[in-house]
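What follows is a single structure, written as structure tokens, with notes after it.
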Amino acid sequence: MNERLLQFIWQFQYYNTKEPTAVSGEAVKVIYAGLHNTNQGPDFIEAKIKIGQTIWVGNVELHLKTSDWKQHGHHTDPHYNNVILHVVWQHDETTDAAIPVLELQSRVSKLLLQQYSEWMNNRNKIPCEKNIIQVAELTWTGWKDRLVAERLQRKTQVLKDFLQENNQHWEETFWWMIARNFGIKVNSEAFEKIARSLPVTILARHKNQIHQLEALLFGQSGLLETELQEEYPRLLKREYGFLQKKYKLTKATLQPLFLRMRPMNFPTVRLAQLAMLIHHSSHLFSQVKETVSLKEVKKLLDVTANDYWHYHYRFDEVSSYKEKNLGQSMVDNIIINTIVPVLFAYGMFHKEQPVKNKALRWLEETAAEKNSILNYWVQLGISNKNAADSQALIELRTVYCNKKRCLDCSIGNSLLKRPEIN
């Protein structure tokens with residue numbers, strides 16, 4: 001037994017509630033268990049409980065043992081003056097306090113304790129995976145919606161930090177985010193640093209000249225510092241030398257990596273595609289914000305690197321012809337990890353519910369992601385129909401299952417309240 005499990009049992013009244021009595025012998029009837037308090041003070045507030053013949057309204061404190069009341073210093077803490085009931089797992093000492101004590105040890109199902117203990121001690125990727133198929137689809141639907149919202153709200157905090165750094169400039173924030181996304185996992189930090197070193201105001205002045213945009217991006221990345229042989233990269237290097245002096249640019253402090261990645265994800269290819277996206281767009285976030293359909297968004301992202309890259313993955317290394325278009329999977333990745341989170345955050349900050357709804361709708365309209373985490377869920381029989389499902393299941397695994405937060409999870413709750421357990 002631990003205090004979090006005891007709180008869970010009390011919150012949902014998962015114990016034998018038939019004629020409970022305080023250790024003093026007074027009858028206890030719970031009218032309302034109270035609101036779980038995650039701040040300083042008693043565990044549950046605003047509870048309504050009939051003790052004996054009197055109905056009390058106040059707070060409830062929970063401990064594993066009665067003696068914990070004094071050991072935690074509650075007897076001298078004014079925050080606990082309005083406690084009307086002390087709920088304990090084990091009553092281990094007589095107390096002089098006027099607060100009634102209710103012991104639950106003999107009233108909780110052993111099957112519930114056994115199930116919870118099994119989850120906490122097993123080494124499965126999903127603690128409840130043996131039972132998970134028993135959960136109703138309706139429970140999954142509601143919980144997935146909540147998980148998606150939680151995930152987007154967490155990402156909103158990152159955006160809030162960005163906005164504080166750039167004086168609430170949404171276009172600049174979007175530029176940092178989308179550049180980070182183009183860097184994929186390996187080069188995300190390096191690409192973000194490149195974006196931070198090139199304000200959107202500078203990029204806007206050169207958006208009509210693709211070679212100047214490439215010069216700026218490749219130059220700031222440090223990828224033009226080697227001895228180059230072909231005419232095009234040498235042109236970029238000369239162009240960058242001029243632009244760097246003109247704008248007094250300081251190069252990004254982290255150079256992109258090429259190791260252990262597919263050629264289509266090489267930073268050279270991704271930077272060339274990013275340059276083409278800037279070349280084809282203007283005030284990109286404003287365009288996305290005003291766009292109605294996801295199909296239009298995908299058109300905005302339908303870019304192909306310039307002709308030089310049809311025959312190259314890296315400077316001075318000729319390869320067979322292949323157009324370096326962004327590709328559907330990368331477009332979906334950008335929608336999921338940049339466009340939807342930024343749009344959702346904008347709706348939150350400006351209290352525009354239609355904008356938030358649009359972000360959620362686009363997530364539902366985007367194809368499901370595929371990775372090892374999601375493949376495991378599918379093997380367990382859990383549906384992954386679209387990107388909203390994918391984001392929900394990734395959130396569930398990383399934030400709940402990996403940390404064994406079964407008591408905070410609707411799926412865990414649903415399994416623990418089955419009739420055969422209680």
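The way I read the labels, and the way they are meant: chains A, B, ... in the order of the structure tokens, residue 1 as the first residue of every chain, and ligand 1 as the first ligand shown, with later ones counted on from there.
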
All alpha helix (DSSP H) positions in region 38-279 of chain A, as number ranges by chain | A: 68-71, 110-121, 137-165, 170-182, 184-196, 200-205, 210-221, 231-247, 267-279

Using only C-alpha atoms, determine which residues lie at most 6 Å from region 169-181 of chain A, disregarding the query and same-chain residues fewer than 4 positions distant; provide the list as JSON, numbers by chain.
-> {"A": [188, 191, 192, 195, 285, 338]}

Write a file of the selected residues as a compact mmCIF listing (two decimals), in the first residue's frame, keeping N, CA and C atoms.
```txt
# COMPACT_ATOMS: atom_id res chain seq x y z
N SER A 188 17.56 18.21 -35.05
CA SER A 188 16.53 19.19 -34.67
C SER A 188 17.13 20.40 -33.94
N PHE A 191 19.23 22.56 -36.41
CA PHE A 191 18.37 23.32 -37.31
C PHE A 191 17.67 24.47 -36.58
N GLU A 192 17.30 24.25 -35.34
CA GLU A 192 16.69 25.34 -34.57
C GLU A 192 17.68 26.48 -34.38
N ALA A 195 17.88 28.47 -37.50
CA ALA A 195 16.70 29.34 -37.63
C ALA A 195 16.81 30.55 -36.72
N PHE A 285 3.04 31.22 -41.41
CA PHE A 285 2.10 30.91 -40.33
C PHE A 285 0.76 31.60 -40.56
N THR A 338 4.51 20.30 -35.97
CA THR A 338 4.68 21.76 -36.01
C THR A 338 3.35 22.49 -36.22
```

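The environment of region 93-98 of chain A within 10 Å, counting only C-alpha atoms and disregarding residues fewer than 4 places along the same chain, consists of Val23, Ser24, Lys65, Thr66, Ser67, Asp68, Trp69, Lys70, His75, Ile84 and Leu85 of chain A.
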
Would you kindly return, as a PyMOL selection string, each protein, DNA or RNA residue with an atom no farther than 12 Å from any atom of Ser106 (chain A), considering only C-alpha atoms and excluding same-chain residues fewer than 5 positions away?
-> chain A and resi 15-17+20-21+88-91+113

Selection from above, N, CA, C and O atoms, as a short mmCIF file (atom, residue, chain, number, x, y, z; two decimals), in the first residue's frame, can you write it?
```
data_model
loop_
_atom_site.label_atom_id
_atom_site.label_comp_id
_atom_site.auth_asym_id
_atom_site.auth_seq_id
_atom_site.Cartn_x
_atom_site.Cartn_y
_atom_site.Cartn_z
N TYR A 15 -13.99 0.74 -1.83
CA TYR A 15 -13.89 -0.08 -0.63
C TYR A 15 -15.31 -0.45 -0.21
O TYR A 15 -16.29 0.07 -0.74
N ASN A 16 -15.43 -1.35 0.71
CA ASN A 16 -16.74 -1.77 1.20
C ASN A 16 -17.36 -0.62 1.98
O ASN A 16 -16.96 -0.33 3.12
N THR A 17 -18.34 0.03 1.39
CA THR A 17 -18.94 1.21 2.00
C THR A 17 -20.18 0.87 2.84
O THR A 17 -20.90 1.77 3.27
N PRO A 20 -19.77 1.60 7.36
CA PRO A 20 -18.45 1.81 7.97
C PRO A 20 -18.57 2.57 9.29
O PRO A 20 -19.49 3.37 9.48
N THR A 21 -17.64 2.32 10.17
CA THR A 21 -17.63 3.04 11.44
C THR A 21 -16.23 3.55 11.72
O THR A 21 -15.23 2.92 11.36
N VAL A 88 -7.26 6.31 7.31
CA VAL A 88 -5.97 5.63 7.38
C VAL A 88 -6.11 4.21 6.85
O VAL A 88 -7.20 3.63 6.83
N TRP A 89 -4.96 3.67 6.42
CA TRP A 89 -4.95 2.26 6.03
C TRP A 89 -4.90 1.39 7.28
O TRP A 89 -5.64 0.43 7.43
N GLN A 90 -4.04 1.79 8.22
CA GLN A 90 -3.89 1.02 9.45
C GLN A 90 -3.95 1.96 10.65
O GLN A 90 -3.20 2.93 10.74
N HIS A 91 -4.85 1.65 11.58
CA HIS A 91 -4.95 2.43 12.82
C HIS A 91 -3.96 1.84 13.82
O HIS A 91 -4.17 0.75 14.35
N LEU A 113 -5.88 -4.98 -4.66
CA LEU A 113 -4.50 -4.80 -4.22
C LEU A 113 -3.55 -5.70 -5.00
O LEU A 113 -2.45 -5.29 -5.37
#
```

Would you list, as an NGL selection string, the residues of region 29-100 of chain A that end up in strand (DSSP E or B) under DSSP run on this structure's backbone?
-> :A and (29-32 or 35-36 or 44-51 or 54-65 or 83-90)

d(CA of Leu224 (chain A), CA of Thr201 (chain A)) in Å = 22.6 Å

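Distance-wise, CA of Phe266 (chain A) and CA of Lys322 (chain A) end up 14.1 Å apart.
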
Residues near region 230-247 of chain A, cut-off 6 Å, only C-alpha atoms, skip fewer than 4 positions along chain, as a VMD selection string = chain A and resid 215 to 216 219 224 316

Go ahead and write the selection's residues with all heavy atoms as a short mmCIF file (atom, residue, chain, number, x, y, z; two decimals), in the first residue's frame.
```cif
data_model
loop_
_atom_site.label_atom_id
_atom_site.label_comp_id
_atom_site.auth_asym_id
_atom_site.auth_seq_id
_atom_site.Cartn_x
_atom_site.Cartn_y
_atom_site.Cartn_z
N ALA A 215 22.28 29.95 -49.65
CA ALA A 215 23.55 30.48 -49.14
C ALA A 215 23.44 30.82 -47.65
O ALA A 215 24.33 30.49 -46.86
CB ALA A 215 23.95 31.72 -49.94
N LEU A 216 22.34 31.45 -47.29
CA LEU A 216 22.13 31.83 -45.89
C LEU A 216 22.02 30.60 -44.99
O LEU A 216 22.66 30.50 -43.94
CB LEU A 216 20.88 32.69 -45.76
CG LEU A 216 20.99 34.13 -46.26
CD1 LEU A 216 19.62 34.77 -46.40
CD2 LEU A 216 21.88 34.95 -45.32
N GLY A 219 25.31 28.48 -45.17
CA GLY A 219 26.39 29.24 -44.55
C GLY A 219 26.28 29.26 -43.04
O GLY A 219 27.26 29.00 -42.33
N LEU A 224 29.38 25.21 -45.57
CA LEU A 224 30.12 25.79 -46.70
C LEU A 224 31.58 26.07 -46.35
O LEU A 224 32.29 26.73 -47.11
CB LEU A 224 29.44 27.11 -47.14
CG LEU A 224 28.03 26.99 -47.71
CD1 LEU A 224 27.46 28.38 -48.01
CD2 LEU A 224 28.02 26.14 -48.98
N ASP A 316 29.43 18.39 -54.01
CA ASP A 316 30.57 17.80 -54.73
C ASP A 316 30.51 16.28 -54.86
O ASP A 316 31.50 15.67 -55.26
CB ASP A 316 31.91 18.18 -54.04
CG ASP A 316 32.20 19.67 -54.16
OD1 ASP A 316 31.64 20.32 -55.05
OD2 ASP A 316 33.00 20.17 -53.35
#
```

For region 26-38 of chain A, list every protein, DNA or RNA residue within 9 Å, evaluated using only C-alpha atoms, and leave out those in the same chain fewer than 5 positions away; present the list as a list of chain:residue names.
-> A:Gln7, A:Trp10, A:Gln11, A:Phe12, A:Gln13, A:Thr17, A:Lys18, A:Glu19, A:Pro20, A:Thr21, A:Asp43, A:Phe44, A:Ile45, A:Glu46, A:Ala47, A:Lys48, A:Ile49, A:Lys50, A:Ile51, A:Gly52, A:Gln53, A:Ile55, A:Gly58, A:Asn59, A:Val60, A:Pro100, A:Leu102
